[in-house]
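Quick look at entry.txt (compact mmCIF, C-alpha atoms):
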# COMPACT_ATOMS: atom_id res chain seq x y z
CA MET A 160 0.00 0.00 0.00
CA LEU A 161 1.30 3.41 -0.91
CA VAL A 162 -0.89 5.13 1.71
CA GLU A 163 -1.96 4.41 5.27
CA PHE A 164 -5.50 3.28 5.86
CA GLU A 165 -6.03 6.23 8.20
CA LEU A 166 -5.53 8.53 5.24
CA ILE A 167 -8.22 6.64 3.34
CA GLN A 168 -10.52 6.91 6.34
CA LYS A 169 -9.95 10.67 6.47
CA ALA A 170 -10.75 10.94 2.77
CA GLN A 171 -13.89 8.89 3.37
CA GLN A 172 -14.94 11.48 5.94
CA GLY A 173 -14.62 14.23 3.33
CA ASP A 174 -11.06 15.42 4.03
CA ALA A 175 -10.00 16.98 0.72
CA ALA A 176 -6.32 17.12 1.71
CA ALA A 177 -6.33 13.39 2.45
CA PHE A 178 -7.94 12.69 -0.91
CA ASN A 179 -5.29 14.84 -2.61
CA SER A 180 -2.59 12.80 -0.88
CA ILE A 181 -4.10 9.55 -2.13
CA VAL A 182 -4.28 10.93 -5.67
CA SER A 183 -0.67 12.12 -5.49
CA ALA A 184 0.49 8.74 -4.21
CA TYR A 185 -1.24 6.66 -6.88
CA ARG A 186 -1.36 9.06 -9.82
CA ARG A 187 1.85 7.92 -11.49
CA ARG A 188 1.09 4.23 -11.16
CA ILE A 189 -2.47 4.63 -12.43
CA MET A 190 -1.36 6.78 -15.34
CA GLY A 191 1.27 4.18 -16.26
CA THR A 192 -1.33 1.42 -16.29
CA ILE A 193 -3.77 3.49 -18.34
CA SER A 194 -1.00 4.39 -20.77
CA HIS A 195 -0.29 0.69 -21.39
CA VAL A 196 -3.95 -0.26 -21.61
CA ILE A 197 -5.23 2.43 -23.96
CA GLY A 198 -2.02 3.04 -25.90
CA ARG A 199 -2.70 6.75 -26.44
CA PRO A 200 -0.53 9.03 -24.30
CA GLU A 201 -2.59 12.11 -25.17
CA ASP A 202 -5.71 10.72 -23.45
CA VAL A 203 -4.08 9.20 -20.37
CA GLU A 204 -4.60 12.22 -18.11
CA ASP A 205 -8.28 12.43 -18.98
CA VAL A 206 -8.90 8.75 -18.17
CA ALA A 207 -6.82 9.03 -14.96
CA GLN A 208 -8.99 11.92 -13.80
CA GLU A 209 -12.06 9.81 -14.49
CA VAL A 210 -10.59 7.03 -12.30
CA PHE A 211 -10.03 9.44 -9.40
CA ILE A 212 -13.50 10.95 -9.81
CA ARG A 213 -14.97 7.45 -9.50
CA LEU A 214 -12.72 6.87 -6.50
CA TYR A 215 -13.98 10.06 -4.87
CA PHE A 216 -17.63 9.13 -5.26
CA SER A 217 -17.27 5.49 -4.22
CA LEU A 218 -14.72 5.79 -1.44
CA GLY A 219 -17.50 5.53 1.14
CA GLN A 220 -18.18 1.95 0.07
CA LEU A 221 -14.67 0.74 0.97
CA ARG A 222 -14.58 -1.16 4.26
CA THR A 223 -11.23 -2.99 4.47
CA PRO A 224 -7.78 -1.55 3.63
CA GLU A 225 -6.57 -4.79 2.01
CA VAL A 226 -8.87 -4.38 -0.92
CA PHE A 227 -8.04 -0.75 -1.64
CA GLU A 228 -5.43 -1.37 -4.34
CA PRO A 229 -7.28 -4.12 -6.25
CA TRP A 230 -10.35 -1.94 -5.99
CA LEU A 231 -8.49 1.07 -7.41
CA TYR A 232 -7.23 -1.17 -10.21
CA ARG A 233 -10.78 -2.25 -10.89
CA LEU A 234 -11.84 1.37 -11.22
CA THR A 235 -8.91 1.86 -13.61
CA VAL A 236 -9.92 -1.17 -15.64
CA ASN A 237 -13.53 0.05 -15.84
CA ALA A 238 -12.59 3.60 -16.85
CA SER A 239 -10.16 2.29 -19.48
CA TYR A 240 -12.82 -0.08 -20.75
CA ASP A 241 -15.32 2.78 -21.13
CA TYR A 242 -12.70 4.86 -22.94
CA LEU A 243 -11.81 2.01 -25.34
CA ARG A 244 -15.47 1.36 -26.13
CA LYS A 245 -16.12 5.04 -26.80
CA SER A 246 -13.04 5.44 -28.95
CA ARG A 247 -13.91 2.32 -30.95
CA ARG A 248 -17.39 3.72 -31.62
CA ARG A 249 -15.87 7.06 -32.67
CA VAL A 250 -13.51 5.35 -35.13
CA GLU A 251 -16.35 3.23 -36.53
CA SER A 252 -18.67 6.22 -37.02
CA ARG A 253 -15.87 8.29 -38.54
CA MET A 254 -15.05 5.53 -40.99
CA ALA A 255 -18.75 4.99 -41.75
CA ASP A 256 -19.07 8.65 -42.70
CA LEU A 257 -16.34 8.41 -45.30
CA SER A 258 -16.87 7.10 -48.78
CA GLU A 259 -14.92 4.04 -49.92
CA GLN A 260 -12.57 6.18 -51.96
CA GLN A 261 -11.87 8.46 -48.99
CA VAL A 262 -11.14 5.44 -46.82
CA MET A 263 -8.64 4.17 -49.40
CA MET A 264 -6.98 7.58 -49.50
CA ALA A 265 -6.85 7.77 -45.69
CA ASP A 266 -5.25 4.31 -45.57
CA ALA A 267 -2.69 5.28 -48.17
CA VAL A 268 -1.76 8.49 -46.36
CA ALA A 269 -1.54 6.67 -43.03
CA GLY A 270 0.64 4.00 -44.62
CA SER A 271 3.07 6.45 -46.17
CA ARG A 272 3.29 8.38 -42.91
CA ALA A 273 4.07 5.16 -41.06
CA GLN A 274 6.88 4.46 -43.49
CA THR A 275 8.38 7.92 -43.37
CA ASP A 276 7.53 10.07 -40.34
CA GLU A 277 6.67 7.97 -37.35
CA SER A 278 9.17 6.92 -34.79
CA GLU A 279 9.91 3.34 -33.82
CA LYS A 280 7.94 3.67 -30.61
CA ARG A 281 4.92 4.88 -32.44
CA ARG A 282 5.22 1.98 -34.85
CA VAL A 283 5.39 -0.51 -31.98
CA ARG A 284 2.35 1.10 -30.33
CA ASP A 285 0.40 0.98 -33.57
CA THR A 286 1.31 -2.63 -34.22
CA VAL A 287 0.29 -3.75 -30.73
CA ASN A 288 -2.87 -1.67 -30.89
CA GLU A 289 -3.74 -3.31 -34.19
CA LEU A 290 -3.12 -6.77 -32.79
CA LEU A 291 -5.10 -6.03 -29.64
CA GLY A 292 -7.89 -4.59 -31.78
CA ASN A 293 -8.67 -8.18 -32.70
CA VAL A 294 -9.86 -9.06 -29.20
CA SER A 295 -12.65 -7.56 -27.10
CA GLU A 296 -11.99 -4.55 -24.87
CA GLU A 297 -12.18 -6.78 -21.78
CA ASP A 298 -9.62 -9.21 -23.15
CA ARG A 299 -7.41 -6.40 -24.34
CA ILE A 300 -7.27 -4.95 -20.83
CA LEU A 301 -6.72 -8.36 -19.23
CA LEU A 302 -3.94 -9.22 -21.67
CA THR A 303 -2.26 -5.85 -21.18
CA LEU A 304 -2.38 -6.11 -17.39
CA LYS A 305 -0.81 -9.57 -17.56
CA GLU A 306 1.69 -9.27 -20.39
CA VAL A 307 2.63 -5.58 -20.34
CA GLU A 308 1.98 -4.48 -16.76
CA GLY A 309 3.31 -7.79 -15.49
CA LEU A 310 0.59 -8.40 -12.91
CA SER A 311 0.49 -11.91 -11.47
CA LEU A 312 -2.52 -14.19 -11.72
CA LYS A 313 -3.08 -13.73 -7.97
CA GLU A 314 -3.26 -9.95 -8.41
CA LEU A 315 -5.59 -10.32 -11.37
CA GLU A 316 -7.75 -12.68 -9.37
CA LYS A 317 -8.25 -9.97 -6.73
CA ILE A 318 -9.00 -7.30 -9.32
CA TYR A 319 -11.47 -9.34 -11.35
CA ASP A 320 -12.82 -11.36 -8.43
CA VAL A 321 -12.79 -14.58 -10.45
CA ASN A 322 -10.81 -17.78 -9.95
CA GLU A 323 -7.38 -18.37 -11.42
CA ASN A 324 -8.47 -21.09 -13.85
CA ALA A 325 -11.10 -18.88 -15.44
CA LEU A 326 -8.47 -16.18 -15.88
CA LYS A 327 -5.99 -18.63 -17.39
CA VAL A 328 -8.53 -19.83 -19.92
CA ARG A 329 -9.50 -16.29 -20.85
CA LEU A 330 -5.89 -15.18 -21.17
CA PHE A 331 -5.01 -18.20 -23.28
CA ARG A 332 -7.88 -17.60 -25.69
CA ALA A 333 -7.11 -13.90 -25.98
CA ARG A 334 -3.46 -14.65 -26.66
CA GLN A 335 -4.40 -17.19 -29.30
CA ARG A 336 -6.52 -14.60 -31.07
CA VAL A 337 -3.66 -12.11 -31.01
CA LEU A 338 -1.27 -14.76 -32.33
CA LYS A 339 -3.68 -15.60 -35.14
CA LYS A 340 -3.92 -11.94 -36.09
CA MET A 341 -0.13 -11.74 -35.95
CA LYS A 342 0.09 -14.70 -38.30
CA ASP A 343 -2.35 -13.07 -40.74
CA VAL A 344 -0.46 -9.77 -40.67
CA THR A 345 2.90 -11.49 -41.13
CA GLY A 346 1.46 -13.63 -43.92
CA ALA A 347 0.00 -10.64 -45.72
CA SER A 348 3.18 -8.56 -45.41
CA SER A 349 5.39 -11.39 -46.69
CA LEU A 350 2.97 -11.89 -49.58
CA ASN A 351 3.18 -8.16 -50.41
CA ALA A 352 6.97 -8.31 -50.25
CA LYS A 353 7.00 -11.25 -52.66
CA GLU A 354 4.65 -9.42 -55.03
CA LYS A 355 6.90 -6.36 -54.98
CA GLU A 356 9.94 -8.51 -55.67
CA GLY A 357 8.12 -10.23 -58.54
CA MET B 284 5.81 -20.35 -18.87
CA ILE B 285 6.56 -18.77 -22.23
CA PHE B 286 8.17 -22.03 -23.28
CA ASN B 287 5.14 -24.03 -22.17
CA ARG B 288 2.84 -21.79 -24.13
CA ALA B 289 5.06 -22.06 -27.15
CA MET B 290 4.95 -25.85 -26.95
CA GLU B 291 1.18 -25.81 -26.61
CA ASN B 292 0.75 -23.54 -29.55
CA GLY B 293 3.37 -25.25 -31.67
CA ASN B 294 4.96 -22.02 -32.81
CA PRO B 295 7.66 -20.95 -30.39
CA GLU B 296 9.02 -18.32 -32.74
CA ARG B 297 5.74 -16.43 -32.96
CA GLU B 298 5.15 -16.78 -29.23
CA SER B 299 8.52 -15.28 -28.38
CA ARG B 300 8.01 -12.54 -30.97
CA LEU B 301 4.74 -11.62 -29.31
CA ASP B 302 6.43 -11.52 -25.90
CA GLU B 303 9.15 -9.26 -27.31
CA LEU B 304 6.51 -7.08 -28.89
CA PHE B 305 4.71 -6.69 -25.55
CA LEU B 306 7.99 -5.75 -23.87
CA ALA B 307 8.72 -3.22 -26.60
CA TYR B 308 5.19 -1.90 -26.19
CA ARG B 309 5.79 -1.37 -22.48
CA ASP B 310 8.79 0.81 -23.32
CA ALA B 311 6.96 2.52 -26.17
CA CYS B 312 4.20 3.69 -23.82
CA PRO B 313 6.01 6.02 -21.44
CA THR B 314 4.14 7.08 -18.34
CA PRO B 315 3.05 10.62 -19.11
CA GLU B 316 3.77 13.15 -16.40
CA ALA B 317 0.64 14.73 -15.00
CA SER B 318 0.24 18.33 -16.02
CA THR B 319 0.23 21.09 -13.40
CA ASN B 320 -3.46 21.49 -14.09
CA PHE B 321 -4.22 17.88 -13.10
CA MET B 322 -5.50 18.50 -9.57
CA PRO B 323 -7.47 21.71 -10.29
CA ALA B 324 -9.09 20.05 -13.32
CA LEU B 325 -9.87 16.97 -11.25
CA TRP B 326 -11.58 19.02 -8.54
CA ALA B 327 -13.47 21.03 -11.14
CA ARG B 328 -14.81 17.81 -12.64
CA ILE B 329 -15.71 16.43 -9.21
CA GLU B 330 -17.60 19.61 -8.33
CA ALA B 331 -19.40 19.63 -11.70
CA ARG B 332 -20.50 16.06 -11.14
CA GLU B 333 -21.60 16.84 -7.60
CA VAL B 334 -23.78 19.65 -8.91
CA ASN B 335 -25.32 17.28 -11.45
CA THR B 336 -25.85 14.64 -8.78
CA ASN B 337 -27.50 17.17 -6.48
CA TRP B 338 -29.73 18.42 -9.26
CA PHE B 339 -30.73 14.87 -10.11
CA GLY B 340 -31.34 14.14 -6.42
CA ARG B 341 -33.62 17.17 -6.08
CA PHE B 342 -35.44 16.23 -9.28
CA ALA B 343 -35.93 12.64 -8.05
CA LYS B 344 -37.18 13.88 -4.68
CA GLY B 345 -39.67 16.22 -6.39
CA LEU B 346 -40.82 13.39 -8.61
CA VAL B 347 -41.41 11.09 -5.64
CA THR B 348 -43.34 13.83 -3.80
CA ALA B 349 -45.51 14.50 -6.85
CA ALA B 350 -46.19 10.78 -7.31
CA LEU B 351 -47.13 10.46 -3.65
CA ALA B 352 -49.49 13.45 -3.85
CA ALA B 353 -51.08 12.10 -7.03
CA SER B 354 -51.68 8.69 -5.46
CA VAL B 355 -53.26 10.29 -2.35
CA ILE B 356 -55.59 12.36 -4.56
CA LEU B 357 -56.50 9.35 -6.68
CA GLY B 358 -57.12 7.30 -3.54
CA LEU B 359 -59.46 9.97 -2.20
CA MET B 360 -61.30 10.15 -5.51
CA VAL B 361 -61.77 6.40 -5.65
CA SER B 362 -62.93 6.11 -2.05
CA THR B 363 -65.53 8.91 -2.44
CA LYS B 364 -68.89 7.33 -3.38
CA SER B 365 -70.54 8.97 -6.34
CA PRO B 366 -74.08 8.12 -7.69
CA ALA B 367 -72.67 6.87 -10.92
CA ARG B 368 -70.39 4.56 -8.99
CA ASN B 369 -73.37 3.26 -6.95
CA ALA B 370 -75.30 2.55 -10.12
CA SER B 371 -72.46 0.76 -11.69
CA SER B 372 -71.80 -1.28 -8.52
CA ALA B 373 -75.51 -2.26 -8.47
CA PHE B 374 -75.20 -3.37 -12.07
CA PHE B 375 -72.19 -5.50 -11.22
CA ASN B 376 -73.96 -7.03 -8.22
CA LEU B 377 -77.02 -8.22 -10.21
CA SER B 378 -77.33 -11.87 -11.13
CA PHE B 379 -77.43 -12.81 -14.80
CA VAL B 380 -81.19 -13.46 -14.74
CA ASP B 381 -81.94 -10.10 -13.11
CA ALA B 382 -79.73 -8.24 -15.54
CA TYR B 383 -81.24 -10.10 -18.52
CA SER B 384 -84.83 -9.48 -17.46
CA ALA B 385 -84.12 -5.81 -16.78
CA ASP B 386 -82.64 -5.52 -20.24
CA ARG B 387 -85.55 -7.35 -21.94
CA ALA B 388 -88.23 -5.41 -19.98
CA SER B 389 -86.98 -2.12 -21.30
CA SER B 390 -87.17 -3.35 -24.90
CA LEU B 391 -90.76 -4.79 -24.68
CA ASP B 392 -93.78 -2.90 -26.10
CA PRO B 393 -96.07 -1.24 -23.55
CA LEU B 394 -99.00 -3.43 -22.43
CA ASP B 395 -102.14 -2.75 -24.57
CA ILE B 396 -105.22 -3.79 -22.47
CA ASP B 397 -107.76 -3.13 -25.26
CA ARG B 398 -105.84 -5.31 -27.65
CA ILE B 399 -105.73 -8.15 -25.11
CA SER B 400 -109.44 -8.00 -24.39
CA TYR B 401 -110.13 -7.92 -28.14
CA LEU B 402 -108.07 -11.02 -28.67
CA GLU B 403 -109.83 -12.81 -25.80
CA THR B 404 -113.28 -12.21 -27.30
CA GLN B 405 -112.28 -13.91 -30.53

Representation of the structure as structure tokens:
Amino acid sequence: MLVEFELIQKAQQGDAAAFNSIVSAYRRRIMGTISHVIGRPEDVEDVAQEVFIRLYFSLGQLRTPEVFEPWLYRLTVNASYDYLRKSRRRVESRMADLSEQQVMMADAVAGSRAQTDESEKRRVRDTVNELLGNVSEEDRILLTLKEVEGLSLKELEKIYDVNENALKVRLFRARQRVLKKMKDVTGASSLNAKEKEG
Amino acid sequence: MIFNRAMENGNPERESRLDELFLAYRDACPTPEASTNFMPALWARIEAREVNTNWFGRFAKGLVTAALAASVILGLMVSTKSPARNASSAFFNLSFVDAYSADRASSLDPLDIDRISYLETQ
């Protein structure tokens, strides 16, 4: 625990300074997790604020100090999930508004930019985001917490409040889907390379 | 564990590539530093939501009060006995035979005594 339970109790009683201390203690960690889960640095602060707003309004429901961190993680997972769902809808509606020709042009521009302008980090982020786009938002978050954040199954068990076997199965299936997508992407890119050579 | 997964999947190369990709992703997503405006913006959002919650609470309370008042008024109206209600309750309390005869009686022609006596003489 990064904070004492007394501080949480003070915040529960409406002490704004105590709440500020909790936010300051966990802000960096929460922002790091959100950054990994959503993959868009520009929106991390916004989602982190949403997490702490939810914390503020539900702090009164917390009874035992042991569950504070998993509980805060759960709020983070839920806020990230809501963000990912909204952003997916936005992308879908934006793409639906465009004509087929415009979509082809947008793809071409994005492709050329990827080849020329974008940094290696950006390319890695885009690749992983594309791969994770093949699984549901829930699985994406679960996979990121496990593989990128490095949380153990025990920690995930506390956050999700489900047994380890169920988590293992879900993680395995999600990973298989990502691997399949990876295979498709690799297959397509090697096919394109062969065509270019030919 | 990675090895086990690779054996299960039958493609250790792709498995390890995915693990490497996840590691690279971790480094490619740096933890952004919170801006100086983080806390003021957070409190502004909390206060805005509190205002909305309070407004909704007041609205819900008003709605409950109005519903309660409406149900009291309706209850009073129902419990007050009106003549129309008495008539209708009498109708519902009649047996089938009574109701049928009352209905038939109103549709019968008025009794013509002269006509009856004329028929009897024939």

Please check the contacts: residues of chain B at most 7 Å away from chain A, using only C-alpha atoms, listed as a PDB file with C-alpha atoms, keeping the file's coordinate frame.
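Saved the output as result_19.pdb:
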ATOM      1  CA  PHE B 305       4.710  -6.690 -25.550  1.00  0.00           C
ATOM      2  CA  LEU B 306       7.990  -5.750 -23.870  1.00  0.00           C
ATOM      3  CA  ALA B 307       8.720  -3.220 -26.600  1.00  0.00           C
ATOM      4  CA  TYR B 308       5.190  -1.900 -26.190  1.00  0.00           C
ATOM      5  CA  ARG B 309       5.790  -1.370 -22.480  1.00  0.00           C
ATOM      6  CA  ALA B 311       6.960   2.520 -26.170  1.00  0.00           C
ATOM      7  CA  CYS B 312       4.200   3.690 -23.820  1.00  0.00           C
ATOM      8  CA  THR B 314       4.140   7.080 -18.340  1.00  0.00           C
ATOM      9  CA  PRO B 315       3.050  10.620 -19.110  1.00  0.00           C
ATOM     10  CA  ALA B 317       0.640  14.730 -15.000  1.00  0.00           C
ATOM     11  CA  LEU B 325      -9.870  16.970 -11.250  1.00  0.00           C
ATOM     12  CA  ILE B 329     -15.710  16.430  -9.210  1.00  0.00           C
TER      13      ILE B 329
END

Fill in the blank from the handout: Of A:Arg233, A:Lys245, A:Lys340, A:Lys305, the one nearest to Tyr319 in chain A when counting all atoms listed in the file is A:Arg233

Problem - Point-to-point distance from CA of Val334 in chain B to CA of Leu221 in chain A, Å rounded to tenths - result: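 Computing it gives 23.2 Å between the two atoms.
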
Handout entry: Atom-to-atom span, CA of Lys169 in chain A and CA of Leu214 in chain A, Å
Key = 13.8 Å

Fill in the blank from the handout: note - CA of Leu291 in chain A and CA of Val210 in chain A are separated by 22.4 Å

Taking all listed atoms of range 376-390 of chain B, build the axis-aligned box, pad each of the six sides by 3 Å, then write its centre and edge lengths in Å to one decimal as lines of an AutoDock Vina configuration file.
center_x = -81.1
center_y = -7.8
center_z = -16.6
size_x = 20.3
size_y = 17.3
size_z = 22.7
